[in-house]
Structures are given as C-alpha cells and as structure tokens.
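S.K.: For reference, the file final-v6.cif (mmCIF, C-alpha atoms) is included below:
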```
data_data
loop_
_atom_site.label_atom_id
_atom_site.label_comp_id
_atom_site.auth_asym_id
_atom_site.auth_seq_id
_atom_site.Cartn_x
_atom_site.Cartn_y
_atom_site.Cartn_z
CA MET A 1 -10.54 -22.34 14.16
CA LEU A 2 -9.16 -19.79 16.61
CA SER A 3 -6.65 -21.15 19.07
CA SER A 4 -7.73 -19.59 22.38
CA TRP A 5 -10.26 -17.00 23.50
CA LEU A 6 -7.71 -15.84 26.06
CA HIS A 7 -6.26 -13.64 23.32
CA LEU A 8 -9.41 -11.53 23.16
CA PRO A 9 -8.61 -9.19 26.11
CA PRO A 10 -5.33 -7.80 24.71
CA LEU A 11 -6.93 -7.52 21.28
CA PHE A 12 -9.90 -5.61 22.69
CA PHE A 13 -7.47 -3.38 24.57
CA LEU A 14 -5.62 -2.52 21.36
CA VAL A 15 -8.88 -1.83 19.54
CA PHE A 16 -10.01 0.39 22.43
CA LEU A 17 -6.78 2.39 22.24
CA LEU A 18 -7.20 2.73 18.49
CA TRP A 19 -10.80 3.88 18.98
CA ARG A 20 -9.89 6.24 21.82
CA PHE A 21 -7.07 8.08 20.05
CA HIS A 22 -8.06 7.82 16.39
CA GLN A 23 -11.84 7.95 16.31
CA GLY A 24 -12.24 11.39 14.83
CA LYS A 25 -15.55 13.22 14.88
CA ALA A 26 -18.77 11.22 14.63
CA HIS A 27 -17.09 8.23 12.99
CA GLY A 28 -18.51 5.43 15.10
CA PHE A 29 -20.15 3.40 12.35
CA LEU A 30 -17.40 4.04 9.80
CA PHE A 31 -14.71 2.98 12.27
CA TRP A 32 -16.32 -0.27 13.30
CA ALA A 33 -17.49 -1.15 9.80
CA GLY A 34 -14.03 -0.59 8.36
CA LEU A 35 -12.38 -2.57 11.14
CA ALA A 36 -14.80 -5.48 10.79
CA VAL A 37 -14.36 -5.63 7.02
CA LYS A 38 -10.58 -5.62 7.38
CA VAL A 39 -10.46 -8.41 10.00
CA VAL A 40 -12.93 -10.60 8.10
CA ALA A 41 -10.95 -10.05 4.89
CA GLY A 42 -7.76 -11.22 6.60
CA LEU A 43 -9.43 -14.40 7.87
CA ALA A 44 -11.01 -14.95 4.45
CA LEU A 45 -7.60 -14.63 2.79
CA GLY A 46 -6.23 -17.43 4.95
CA TYR A 47 -9.26 -19.62 4.30
CA VAL A 48 -9.25 -19.06 0.53
CA TYR A 49 -5.54 -19.85 0.25
CA LYS A 50 -5.82 -22.96 2.43
CA GLU A 51 -9.04 -24.49 1.12
CA ILE A 52 -9.20 -23.27 -2.49
CA LEU A 53 -5.74 -22.24 -3.68
CA GLY A 54 -3.82 -24.97 -1.89
CA GLY A 55 -1.60 -22.96 0.44
CA GLY A 56 0.27 -20.13 -1.20
CA ASP A 57 2.71 -17.68 0.38
CA THR A 58 0.63 -17.03 3.47
CA TRP A 59 0.65 -20.67 4.61
CA SER A 60 4.28 -21.10 3.57
CA TYR A 61 5.13 -18.29 6.00
CA HIS A 62 3.11 -20.13 8.64
CA GLU A 63 5.09 -23.33 8.21
CA ILE A 64 8.45 -21.56 8.05
CA THR A 65 7.66 -19.53 11.17
CA LEU A 66 6.71 -22.66 13.12
CA ASN A 67 10.00 -24.31 12.09
CA VAL A 68 11.96 -21.18 13.05
CA LEU A 69 10.37 -21.09 16.48
CA GLN A 70 11.19 -24.75 17.04
CA GLU A 71 14.83 -23.97 16.34
CA THR A 72 15.08 -20.71 18.31
CA THR A 73 12.89 -21.07 21.40
CA GLN A 74 14.94 -23.62 23.30
CA SER A 75 16.22 -20.65 25.28
CA PRO A 76 15.59 -16.88 25.23
CA HIS A 77 19.18 -16.41 24.09
CA ASP A 78 18.53 -18.41 20.90
CA TYR A 79 15.56 -16.28 19.93
CA ILE A 80 17.42 -13.03 20.65
CA ARG A 81 20.27 -14.20 18.41
CA PHE A 82 17.74 -14.96 15.69
CA ILE A 83 16.10 -11.51 15.92
CA PHE A 84 19.26 -9.39 16.15
CA GLN A 85 21.95 -11.56 14.53
CA ASN A 86 19.86 -13.58 12.00
CA GLN A 87 21.22 -16.83 13.48
CA VAL A 88 18.88 -19.72 12.77
CA GLY A 89 19.02 -23.25 11.40
CA ASP A 90 17.94 -24.47 7.99
CA SER A 91 14.40 -23.05 8.05
CA LEU A 92 15.23 -19.71 6.45
CA GLU A 93 17.87 -20.80 3.94
CA ILE A 94 15.46 -20.03 1.08
CA PHE A 95 15.57 -16.33 2.01
CA ARG A 96 18.47 -13.89 1.99
CA GLU A 97 19.13 -12.33 5.37
CA ASP A 98 18.44 -8.86 3.95
CA SER A 99 15.23 -9.88 2.17
CA ASN A 100 11.79 -8.61 3.09
CA SER A 101 10.59 -12.21 3.54
CA PHE A 102 13.26 -12.84 6.19
CA PHE A 103 12.15 -9.67 7.99
CA PHE A 104 8.48 -10.66 7.74
CA VAL A 105 9.16 -14.04 9.32
CA LYS A 106 10.84 -12.26 12.22
CA LEU A 107 7.75 -10.14 12.83
CA LEU A 108 5.46 -13.12 12.36
CA SER A 109 7.48 -15.17 14.84
CA PHE A 110 6.92 -12.47 17.46
CA LEU A 111 3.15 -12.57 16.83
CA TYR A 112 3.22 -16.36 17.05
CA LEU A 113 4.89 -16.14 20.44
CA LEU A 114 2.08 -13.83 21.57
CA THR A 115 -0.69 -16.01 20.14
CA ASP A 116 0.49 -19.57 20.88
CA ASN A 117 1.50 -20.15 17.25
CA SER A 118 -1.96 -19.17 15.98
CA TYR A 119 -2.14 -18.26 12.30
CA TRP A 120 -5.64 -16.86 12.74
CA TRP A 121 -4.97 -14.58 15.69
CA SER A 122 -1.80 -13.33 14.00
CA SER A 123 -3.96 -12.59 10.96
CA VAL A 124 -6.24 -10.44 13.13
CA TYR A 125 -3.31 -8.44 14.52
CA LEU A 126 -1.81 -7.83 11.08
CA SER A 127 -5.21 -6.80 9.70
CA LEU A 128 -5.57 -4.43 12.64
CA PHE A 129 -2.24 -2.77 11.81
CA SER A 130 -3.24 -2.37 8.16
CA PHE A 131 -6.59 -0.88 9.17
CA TRP A 132 -4.91 1.43 11.67
CA GLY A 133 -2.68 2.93 8.97
CA CYS A 134 -5.61 3.36 6.56
CA TRP A 135 -7.81 4.91 9.24
CA TYR A 136 -5.07 7.28 10.36
CA LEU A 137 -4.55 8.48 6.79
CA PHE A 138 -8.31 8.86 6.29
CA LEU A 139 -8.54 11.16 9.33
CA ARG A 140 -5.62 13.27 8.13
CA ILE A 141 -7.20 13.56 4.67
CA GLU A 142 -10.51 14.54 6.21
CA GLU A 143 -8.80 17.30 8.18
CA ARG A 144 -6.81 18.78 5.30
CA PHE A 145 -8.44 17.66 2.02
CA GLN A 146 -12.23 17.65 2.42
CA ASP A 147 -12.87 16.91 -1.27
CA PHE A 148 -10.95 13.65 -0.92
CA ARG A 149 -12.70 12.48 2.26
CA ILE A 150 -15.26 10.09 0.77
CA PRO A 151 -13.02 8.94 -2.12
CA ALA A 152 -10.22 8.09 0.32
CA PHE A 153 -12.56 6.19 2.62
CA ILE A 154 -13.90 4.07 -0.24
CA ALA A 155 -10.49 3.47 -1.81
CA PHE A 156 -8.44 2.68 1.31
CA LEU A 157 -11.04 1.05 3.55
CA PHE A 158 -13.79 -0.55 1.45
CA PHE A 159 -12.73 -1.36 -2.12
CA PRO A 160 -12.90 -5.20 -2.28
CA SER A 161 -9.53 -6.29 -3.71
CA ILE A 162 -7.63 -3.58 -1.83
CA VAL A 163 -9.10 -4.66 1.50
CA PHE A 164 -8.67 -8.36 0.74
CA TRP A 165 -5.05 -8.28 -0.42
CA THR A 166 -3.85 -5.90 2.30
CA SER A 167 -5.20 -7.95 5.19
CA GLY A 168 -4.19 -11.06 7.10
CA VAL A 169 -0.86 -12.91 7.19
CA SER A 170 0.70 -11.09 4.26
CA LYS A 171 3.57 -8.68 3.74
CA ASP A 172 1.06 -6.40 2.01
CA SER A 173 -0.71 -5.85 5.34
CA LEU A 174 2.50 -4.27 6.61
CA VAL A 175 3.04 -2.45 3.31
CA MET A 176 -0.41 -0.88 3.41
CA GLY A 177 -0.14 0.13 7.06
CA ALA A 178 3.38 1.55 6.73
CA MET A 179 2.58 3.37 3.47
CA CYS A 180 -0.56 5.00 4.88
CA PHE A 181 1.20 6.02 8.09
CA LEU A 182 3.98 7.52 5.98
CA PHE A 183 1.48 9.59 4.00
CA GLY A 184 -0.37 10.61 7.16
CA PHE A 185 2.78 11.68 8.98
CA THR A 186 3.76 13.71 5.92
CA VAL A 187 0.50 15.66 6.17
CA GLN A 188 1.12 16.20 9.88
CA LEU A 189 4.68 17.37 9.26
CA ILE A 190 3.53 19.95 6.72
CA ASN A 191 1.12 21.43 9.24
CA ALA A 192 3.19 20.91 12.42
CA GLN A 193 3.68 23.91 14.66
CA GLY A 194 6.71 24.27 16.88
CA VAL A 195 9.95 22.32 17.13
CA LYS A 196 8.62 19.58 19.42
CA GLU A 197 5.70 18.74 17.16
CA LYS A 198 7.94 18.69 14.09
CA LEU A 199 10.45 16.42 15.82
CA TYR A 200 7.65 14.13 16.98
CA TYR A 201 6.16 13.65 13.52
CA GLY A 202 9.62 13.58 11.98
CA LEU A 203 10.47 10.58 14.16
CA LEU A 204 7.21 8.87 13.24
CA PHE A 205 7.91 9.61 9.56
CA ALA A 206 11.33 7.94 9.94
CA LEU A 207 9.83 4.86 11.66
CA ALA A 208 7.16 4.45 8.97
CA SER A 209 9.83 4.87 6.28
CA TRP A 210 11.98 2.20 7.91
CA LEU A 211 9.13 -0.31 8.09
CA PHE A 212 8.03 0.41 4.52
CA TRP A 213 11.66 -0.01 3.40
CA LYS A 214 11.98 -3.36 5.19
CA VAL A 215 8.83 -4.92 3.71
CA LYS A 216 8.73 -3.44 0.18
CA PHE A 217 12.06 -1.88 -0.72
CA PHE A 218 11.42 -1.02 -4.36
CA LEU A 219 8.19 0.87 -3.55
CA ALA A 220 9.54 2.52 -0.41
CA VAL A 221 12.44 4.18 -2.23
CA PRO A 222 10.37 6.36 -4.61
CA ALA A 223 7.78 7.06 -1.88
CA ILE A 224 10.37 8.30 0.61
CA VAL A 225 12.31 10.30 -1.99
CA PHE A 226 9.17 11.94 -3.41
CA LEU A 227 7.80 12.82 0.02
CA LEU A 228 11.10 14.17 1.36
CA ALA A 229 11.42 16.39 -1.71
CA TYR A 230 7.82 17.53 -1.20
CA LEU A 231 8.52 18.39 2.44
CA LEU A 232 11.62 20.34 1.41
CA VAL A 233 9.68 22.25 -1.27
CA GLU A 234 6.95 23.17 1.23
CA PHE A 235 9.60 24.27 3.73
CA LEU A 236 11.22 26.53 1.14
CA ALA A 237 7.85 27.86 -0.03
CA ASN A 238 7.08 28.94 3.53
CA ARG A 239 10.38 30.85 3.61
CA PHE A 240 10.30 32.41 0.14
CA GLU A 241 7.10 33.92 -1.25
CA VAL A 242 8.31 33.52 -4.81
CA LEU A 243 7.74 29.75 -4.49
CA ASN A 244 4.14 29.98 -3.30
CA SER A 245 2.48 29.08 -6.61
CA LEU A 246 1.71 25.42 -7.40
CA LEU A 247 3.55 25.66 -10.75
CA ARG A 248 6.78 26.90 -9.15
CA LYS A 249 6.56 24.27 -6.44
CA ALA A 250 6.12 21.63 -9.12
CA MET A 251 9.09 22.92 -11.12
CA LEU A 252 11.28 22.89 -8.02
CA TRP A 253 10.13 19.37 -7.09
CA VAL A 254 10.77 18.04 -10.59
CA GLY A 255 14.18 19.73 -10.60
CA MET A 256 15.07 17.93 -7.38
CA MET A 257 14.01 14.62 -8.92
CA VAL A 258 16.13 15.21 -12.02
CA LEU A 259 19.19 16.21 -9.99
CA GLY A 260 18.70 13.19 -7.73
CA ALA A 261 18.44 10.83 -10.69
CA VAL A 262 21.57 12.29 -12.33
CA GLY A 263 23.44 12.09 -9.03
CA ALA A 264 22.41 8.46 -8.51
CA TYR A 265 23.58 7.60 -12.01
CA PHE A 266 27.02 9.16 -11.70
CA LEU A 267 27.53 7.86 -8.16
CA GLN A 268 26.82 4.35 -9.44
CA SER A 269 24.13 3.69 -6.85
CA ASP A 270 21.71 0.74 -6.93
CA PHE A 271 19.08 2.89 -8.64
CA THR A 272 20.64 3.50 -12.04
CA PRO A 273 18.55 2.88 -15.20
CA ASP A 274 20.77 -0.08 -16.09
CA ASP A 275 20.10 -1.79 -12.74
CA LEU A 276 16.39 -1.06 -13.05
CA GLY A 277 16.23 -2.58 -16.52
CA PHE A 278 18.17 -5.66 -15.44
CA HIS A 279 15.85 -6.41 -12.52
CA VAL A 280 12.70 -5.71 -14.55
CA MET A 281 13.73 -8.14 -17.27
CA LEU A 282 14.90 -10.75 -14.77
CA ASN A 283 11.57 -10.82 -12.94
CA TYR A 284 9.54 -10.53 -16.14
CA SER A 285 11.31 -13.56 -17.62
CA LYS A 286 10.96 -15.63 -14.42
CA ILE A 287 7.25 -14.97 -13.96
CA SER A 288 6.48 -15.39 -17.67
CA ALA A 289 8.15 -18.80 -17.63
CA LYS A 290 6.00 -19.89 -14.65
CA THR A 291 2.71 -18.55 -16.06
CA SER A 292 0.50 -20.92 -18.04
CA PRO A 293 -0.02 -19.77 -21.65
CA ASP A 294 -3.73 -20.55 -21.19
CA LEU A 295 -4.08 -17.71 -18.66
CA PRO A 296 -4.41 -14.05 -19.67
CA GLN A 297 -1.19 -12.18 -19.04
CA ILE A 298 0.69 -9.05 -20.02
CA VAL A 299 2.94 -9.75 -23.01
CA PHE A 300 5.76 -7.42 -24.04
CA PRO A 301 7.49 -9.15 -26.96
CA HIS A 302 9.85 -6.22 -27.58
CA LEU A 303 10.69 -5.35 -23.97
CA ASN A 304 14.40 -5.25 -23.15
CA ALA A 305 16.60 -4.01 -20.30
CA SER A 306 17.26 -0.56 -21.79
CA PHE A 307 15.79 2.43 -20.01
CA THR A 308 14.18 3.70 -23.22
CA SER A 309 12.40 0.37 -23.68
CA ILE A 310 11.07 0.54 -20.12
CA LEU A 311 9.79 4.09 -20.67
CA TRP A 312 8.17 3.06 -23.95
CA HIS A 313 6.31 0.12 -22.39
CA ALA A 314 5.48 1.87 -19.09
CA PRO A 315 2.13 3.49 -20.13
CA GLN A 316 0.84 0.22 -21.58
CA ALA A 317 1.87 -1.66 -18.43
CA VAL A 318 0.06 0.79 -16.13
CA VAL A 319 -3.13 0.76 -18.23
CA GLN A 320 -3.20 -3.04 -18.37
CA MET A 321 -2.58 -3.24 -14.64
CA LEU A 322 -5.73 -1.16 -14.09
CA VAL A 323 -8.19 -2.72 -16.55
CA ARG A 324 -7.05 -6.26 -17.43
CA PRO A 325 -8.02 -9.05 -17.51
CA PHE A 326 -11.14 -8.14 -19.47
CA ILE A 327 -14.41 -9.90 -18.73
CA TRP A 328 -14.49 -11.56 -22.18
CA GLU A 329 -11.04 -13.14 -21.89
CA SER A 330 -11.05 -16.90 -21.37
CA ALA A 331 -9.91 -17.54 -17.81
CA PRO A 332 -10.77 -19.37 -14.56
CA LEU A 333 -13.29 -18.00 -12.05
CA PHE A 334 -10.64 -16.13 -10.01
CA TYR A 335 -9.65 -14.12 -13.10
CA LYS A 336 -13.31 -13.46 -13.89
CA LEU A 337 -13.75 -11.94 -10.44
CA ILE A 338 -10.78 -9.67 -11.12
CA ALA A 339 -12.31 -8.76 -14.48
CA VAL A 340 -15.63 -7.77 -12.85
CA GLU A 341 -13.82 -5.43 -10.48
CA ASN A 342 -11.79 -4.05 -13.38
CA LEU A 343 -15.07 -3.10 -15.06
CA VAL A 344 -15.89 -1.00 -12.01
CA ILE A 345 -12.44 0.62 -12.15
CA LEU A 346 -12.86 1.33 -15.88
CA PHE A 347 -16.27 2.90 -15.21
CA ILE A 348 -14.77 5.15 -12.51
CA ILE A 349 -12.00 6.22 -14.91
CA LEU A 350 -14.45 6.96 -17.74
CA MET A 351 -16.73 8.99 -15.47
CA ALA A 352 -13.75 11.03 -14.27
CA LEU A 353 -12.68 11.67 -17.88
CA VAL A 354 -16.21 12.72 -18.85
CA GLU A 355 -16.29 15.15 -15.91
CA ILE A 356 -12.90 16.62 -16.88
CA ILE A 357 -13.95 17.02 -20.53
CA LYS A 358 -17.28 18.53 -19.49
CA ASN A 359 -15.61 21.10 -17.24
CA ARG A 360 -12.66 21.51 -19.63
CA LYS A 361 -10.27 21.13 -16.71
CA MET A 362 -9.36 18.87 -13.82
CA LYS A 363 -10.65 19.65 -10.37
CA PRO A 364 -7.90 21.31 -8.32
CA LEU A 365 -5.37 18.74 -7.14
CA PRO A 366 -3.33 19.83 -4.09
CA ALA A 367 0.44 19.42 -4.25
CA PHE A 368 0.30 16.49 -1.82
CA TRP A 369 -1.96 14.56 -4.19
CA TRP A 370 0.21 15.38 -7.19
CA VAL A 371 3.11 13.78 -5.31
CA LEU A 372 1.00 10.71 -4.53
CA LEU A 373 -0.03 10.49 -8.19
CA CYS A 374 3.63 10.56 -9.25
CA PHE A 375 4.35 7.83 -6.71
CA PHE A 376 1.45 5.76 -8.06
CA LEU A 377 2.72 6.04 -11.65
CA THR A 378 6.28 5.15 -10.66
CA GLY A 379 5.20 2.29 -8.41
CA ALA A 380 2.75 0.98 -11.01
CA VAL A 381 5.55 0.74 -13.59
CA LEU A 382 7.82 -1.02 -11.08
CA VAL A 383 5.04 -3.49 -10.26
CA ALA A 384 3.37 -4.05 -13.63
CA LEU A 385 6.38 -4.40 -15.95
CA PRO A 386 8.04 -7.28 -14.05
CA THR A 387 4.72 -9.03 -13.25
CA PRO A 388 2.93 -10.30 -16.37
CA ASN A 389 0.82 -12.73 -14.32
CA PHE A 390 -2.52 -11.04 -13.50
CA GLY A 391 -3.08 -13.29 -10.51
CA SER A 392 0.05 -11.97 -8.82
CA LEU A 393 -0.37 -8.45 -10.22
CA ASN A 394 -3.83 -8.10 -8.71
CA ARG A 395 -2.27 -8.63 -5.28
CA TYR A 396 0.80 -6.45 -5.85
CA ARG A 397 -1.21 -3.51 -7.20
CA ALA A 398 -3.56 -3.25 -4.19
CA PRO A 399 -1.76 -0.55 -2.12
CA LEU A 400 -1.07 1.53 -5.23
CA LEU A 401 -4.60 1.11 -6.55
CA ALA A 402 -5.98 2.82 -3.45
CA ILE A 403 -4.08 6.02 -4.35
CA PHE A 404 -5.29 5.99 -7.93
CA LEU A 405 -8.92 5.30 -7.02
CA ALA A 406 -9.00 8.09 -4.43
CA ILE A 407 -7.84 10.57 -7.08
CA ALA A 408 -10.14 9.19 -9.81
CA LEU A 409 -13.18 9.22 -7.53
CA ALA A 410 -12.42 12.79 -6.46
CA GLN A 411 -12.35 13.85 -10.14
CA GLY A 412 -15.70 12.20 -10.93
CA PRO A 413 -19.26 13.54 -10.50
CA TRP A 414 -20.03 11.41 -7.46
CA GLN A 415 -19.79 14.11 -4.81
CA ARG A 416 -21.89 16.53 -6.84
CA TRP A 417 -24.55 13.84 -7.26
CA TRP A 418 -24.38 13.04 -3.57
CA HIS A 419 -24.84 16.68 -2.54
CA ARG A 420 -27.74 17.03 -4.96
CA LEU A 421 -29.36 13.85 -3.61
CA THR A 422 -28.95 14.82 0.05
CA LYS A 423 -30.11 18.39 -0.64
CA GLY A 424 -33.21 17.05 -2.36
CA SER A 425 -34.03 14.68 0.47
CA LYS A 426 -33.66 17.47 3.07
CA SER A 427 -35.95 19.84 1.13
CA ALA A 428 -38.52 17.07 0.79
#
```
Would you kindly transcribe this structure into structure tokens?
M.R.:
Amino acid sequence: MLSSWLHLPPLFFLVFLLWRFHQGKAHGFLFWAGLAVKVVAGLALGYVYKEILGGGDTWSYHEITLNVLQETTQSPHDYIRFIFQNQVGDSLEIFREDSNSFFFVKLLSFLYLLTDNSYWWSSVYLSLFSFWGCWYLFLRIEERFQDFRIPAFIAFLFFPSIVFWTSGVSKDSLVMGAMCFLFGFTVQLINAQGVKEKLYYGLLFALASWLFWKVKFFLAVPAIVFLLAYLLVEFLANRFEVLNSLLRKAMLWVGMMVLGAVGAYFLQSDFTPDDLGFHVMLNYSKISAKTSPDLPQIVFPHLNASFTSILWHAPQAVVQMLVRPFIWESAPLFYKLIAVENLVILFIILMALVEIIKNRKMKPLPAFWWVLLCFFLTGAVLVALPTPNFGSLNRYRAPLLAIFLAIALAQGPWQRWWHRLTKGSKSA
C-alpha cells in the first residue's frame, strides 16, 4: 500500500524533532499514543473513502494533483510558475485561483513531489501536521490552564470523529493544525516576556493566521478577529488596573466586536450581514437539493437571507449540529455511527449541566476560554446553517467540536471523580 520505505528516514527525523522540542514533562505514552492514533486515522480515512464511499474529496484531490504534476513538472520553471503564478493547464479549472481547494492542491503537489506521488505517505505527513498543532496546544493548555488539561487532551487528540476527520489527505488536517497553533501562539503571546519573545510569537501567530485563512477563510476570520481583540484587551489590562476584572475585560472585548461589526457594515466590506445571509442561503439551497430526502437532515423551512432570520435559527442549528442525527432516526450505518457518538456528546452536555445546577454556578472560565467559546458559537452557526446534510456536517464540525468538548468536559464532574478514585487507590 505504501509506495517506498525510503520515505521512513525523513519521517522519523520529523517525528524525532517533534518529540525532542514538544514532548513536555513525562508525556511519553501520551505523545506516542496520540501520534499513532492520528496517523492510523488518516490512513483509515483514505481507505474508507476509497473502498466504502467510492472516492470522495480526498481521492479527487489525489487525481487532480497527479494531473497537475503531469502538466507542471516538465521543467522546474513550469512548477515554479504554477506555485507562484497559478499557471497550469486544464486540471484546476474547477477551482477558482483564490479558493482554498486550489491552495490545498498546491501544498499536496509539494508533498507528492517528496513522496513519489504517494497518497498514503502524504496522508502521514498531513496527519503529523494536524497532530503537531493539537499537541502544541495541549502543552500550552497544560502550562496555563491545569483544569483543562485532561479535557483538552481527550477533545483534541482522542475523540473519535475529531481525530478521524482532521487526519489524512484533507483540508481539515491543515485547518486543525493551523487553528491549534493559532490558539497556542495566542497563549504564548499573552505570557511572552521581552520584545524578542513577543516578536517571535507574533510572527508565528501571523503565519498560523495566514495558513488558517488560506484553508478555511470563513472560520479564520472570526478566529483571528476574536483573538486579536483578546490580545489587545490583555495588553490594555496590563497597562490599566481598572481593566483587571473579567467583567470589564469582557465588556471591552464585546465593545470592540460591536464597533468592528458596525465599521465593516458602513465600509461595505465582505462581512456585512447581507453578504452573510446571501452565502448562507446559497449553500443551504445547494446542499439541500443534493441531499436525499430519505436521509436525516437539518430543515429550516422559514430560513431566509435576512440577518434576523439567521440569528433566529442560529441556536437551533448549533444544537442540531451537536446532537443530531438521533439514534432512532432511520438512516444508513454511517449515520448510525454518528448518532452513537452524538449520544456520548449529549451525555457529556447533560453531566455538565447537572454539575452547574448542583453548584449553582459554572466553574471559573478564564478569558481565553470565553473567547474560544465565542469562536465556537460563531463558527458553529457559519458551519451548521449552510450545511443541512449531516454527513458533511459531521466532517465540517470536527475542529469546532474539539473546543466545545474541552469546555463541556471541564465543567463536568469527571475530574472530581478522577481525583476521588486516584486518592482512594493511593490510600488503599
């Protein structure tokens, strides 16, 4: 299945570098287990699409990339023109030059050059990048947010659908890696000391933002805006003591968001409510038309392109994204597997709600996690409203679901139970 074992040395070298610089303290088993799960998931994704689902996007990218390389590798000059000037033959006519698919094929073509056109080895490298981002974020969370350590590890590195859909030859591998690096560099920027360290992590923040932007534009925009505003609020709070409380930071952050939204509207940018509504309805209509009526799907009979309609339907879309399809809905096996996992998600949510009601308050949520929660809610609306097909939605929700699950798990009783169990075993 794999093209050549000669590709193992550079792969092992990359893994060694990852291990050497990002191991953390006493994380040997967790590191290797997470890496193995991620790589196997990427290979499984390719196999499932090829042998069970009949191809799909991942194998379409494979075929397109092979055709592109045939057209652009007659001389080094041809390939350079393709990378920097988008000059290629008929292979990429189905994609706009500024689309994320066009960009992904460029990156995939580079991996194919390194791996002798091997889909499987390219899958390993992309899975490694996704794992690297998740692992880096996990280490930063462990350093700064101890209560979120175990929830983040489970959500970003071991939850089945999240690992599966963010591995292998998929744009979501790049999305997950870039998004996690962006979050991790944000944490580092907040705690950076000295100009050099701030410039270093500022540059890494910009690179992660650029990659996230290139592969998933509509999710990158709110993430970058929210995080930049958060960084600015923390900067001001360090300068002015009056802003030190969480409530005042939140009010300042929300004020920045409101001013930004008003400014975008009056400047007639691409992010006005009218443009948002148009694109939501366009994608919703297209996907609804392609979805079989026999399959469970999200139906919004009264949804229209107005901003008020989007706001009205947003909560329902987010809830359905998290818990549907239900196990009792008539659907093929693939949808039943999604439904089983959704039962687990629903159980985690209910346990968190019970814990909040029991304690009559939420567990303290640091400002960083409030920002991530706002990003999850915004991203979930942007993903769920235009995607009524649960098959596609299960894949699109994966990076966002990791954020939600980390927060939900941290609010539940799991860590208290774990401490009680480990304390009991030690005393015994």
S.K.: Kindly resolve the PyMOL selection byres ((chain A and resi 210) around 12) on the present coordinates and return the residues as a list in words.
M.R.: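 Applying the expression gives Asn100, Phe103, Leu174, Val175, Ala178, Met179, Phe181, Leu182, Leu203, Leu204, Phe205, Ala206, Leu207, Ala208, Ser209, Leu211, Phe212, Trp213, Lys214, Val215, Lys216, Phe217, Ala220, Val221, Ala223 and Ile224 of chain A.
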S.K.: Exactly which residues make up the result of the PyMOL selection byres ((chain A and resi 151) around 12) on this file, given as a short mmCIF file (atom, residue, chain, number, x, y, z; two decimals) with C-alpha atoms, in the coordinates of the input?
M.R.:
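In the end it all went to part-v5.cif:
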```
data_model
loop_
_atom_site.label_atom_id
_atom_site.label_comp_id
_atom_site.auth_asym_id
_atom_site.auth_seq_id
_atom_site.Cartn_x
_atom_site.Cartn_y
_atom_site.Cartn_z
CA PHE A 138 -8.31 8.86 6.29
CA ILE A 141 -7.20 13.56 4.67
CA GLU A 142 -10.51 14.54 6.21
CA PHE A 145 -8.44 17.66 2.02
CA GLN A 146 -12.23 17.65 2.42
CA ASP A 147 -12.87 16.91 -1.27
CA PHE A 148 -10.95 13.65 -0.92
CA ARG A 149 -12.70 12.48 2.26
CA ILE A 150 -15.26 10.09 0.77
CA ALA A 152 -10.22 8.09 0.32
CA PHE A 153 -12.56 6.19 2.62
CA ILE A 154 -13.90 4.07 -0.24
CA ALA A 155 -10.49 3.47 -1.81
CA PHE A 156 -8.44 2.68 1.31
CA LEU A 157 -11.04 1.05 3.55
CA PHE A 158 -13.79 -0.55 1.45
CA PHE A 159 -12.73 -1.36 -2.12
CA ILE A 348 -14.77 5.15 -12.51
CA ALA A 402 -5.98 2.82 -3.45
CA ILE A 403 -4.08 6.02 -4.35
CA PHE A 404 -5.29 5.99 -7.93
CA LEU A 405 -8.92 5.30 -7.02
CA ALA A 406 -9.00 8.09 -4.43
CA ILE A 407 -7.84 10.57 -7.08
CA ALA A 408 -10.14 9.19 -9.81
CA LEU A 409 -13.18 9.22 -7.53
CA ALA A 410 -12.42 12.79 -6.46
CA GLN A 411 -12.35 13.85 -10.14
CA GLY A 412 -15.70 12.20 -10.93
CA PRO A 413 -19.26 13.54 -10.50
CA TRP A 414 -20.03 11.41 -7.46
CA GLN A 415 -19.79 14.11 -4.81
#
```
S.K.: Between atom CA of Leu385 of chain A and atom CA of Glu329 of chain A, measure the distance and give it in Å to one decimal.
M.R.: 20.4 Å
S.K.: Between atom CA of Lys361 of chain A and atom CA of Leu400 of chain A, what distance in Å does the model show, to one decimal?
M.R.: 24.5 Å
S.K.: Please evaluate the PyMOL selection byres ((chain A and resi 382) around 9) against the structure above and give the resulting residues as a ChimeraX atom specification.
M.R.: /A:218-219,276,280,314,377-381,383-387
S.K.: Just how far from atom CA of Asn67 of chain A is atom CA of Val88 of chain A, in Å to one decimal?
M.R.: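 Pair atom CA of Val88 of chain A / atom CA of Asn67 of chain A returns 10.0 Å.
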S.K.: Considering only C-alpha atoms, state which residue in the set A:Phe390, A:Trp253, A:Phe185, A:Tyr396 is at the smallest distance from Ser292 of chain A.
M.R.: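 Selected residue with least distance to Ser292 of chain A: A:Phe390.
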S.K.: Write out as a Markdown table a residue-level contact list of segment 155-243 of chain A versus segment 105-113 of chain A with cut-off 10 Å: for each qualifying residue the closest pair of atoms and the distance in Å to one decimal, counting all atoms listed in the file, rows sorted by chain and residue number upward.
M.R.:
```
| residue | atom | partner | partner_atom | distance |
| --- | --- | --- | --- | --- |
| A:Val169 | CA | A:Leu108 | CA | 8.2 |
| A:Ser170 | CA | A:Leu108 | CA | 9.6 |
| A:Lys171 | CA | A:Val105 | CA | 9.5 |
```
S.K.: Counting all atoms listed in the file, which of A:Trp328, A:Gly277, A:Lys249, A:Leu322 gets nearest to Ser306 of chain A?
M.R.: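 Looking only at the distances to Ser306 of chain A, the closest residue turns out to be A:Gly277.
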S.K.: Could you tell me which of A:Ser161, A:Ser173, A:Thr115, A:Gln87 comes closest to Gly133 of chain A if we count all atoms listed in the file?
M.R.: A:Ser173
S.K.: Grab all the atoms of segment 51-69 of chain A that the file lists, wrap them in a box along x, y and z, add 5 Å per side, and give me centre plus edge lengths in Å (one decimal) as lines of an AutoDock Vina configuration file.
M.R.:
```
center_x = 1.4
center_y = -21.0
center_z = 6.4
size_x = 31.2
size_y = 17.9
size_z = 30.2
```
S.K.: Could you give me, as a PyMOL selection string, the residues within 8 Å of Tyr335 of chain A, counting all atoms listed in the file and dropping anything in the same chain fewer than 4 positions from it?
M.R.: chain A and resi 325+331+339+390-391
S.K.: Can you work out which one of A:Arg420, A:Lys50, A:Lys38, A:Arg324 has the shortest atom-to-atom distance to Ile338 of chain A, counting all atoms listed in the file?
M.R.: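 The answer is A:Arg324, which sits nearest to Ile338 of chain A.
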S.K.: Just checking: using all atoms listed in the file, which residue out of A:Val318, A:Ile190, A:Ser392, A:Leu333 ends up closest to Ser288 of chain A?
M.R.: A:Ser392
S.K.: Looking at A:Gly168, A:Thr73, A:Gly202, A:Arg140, which one is nearest to Tyr49 of chain A, with distances taken over all atoms listed in the file?
M.R.: A:Gly168
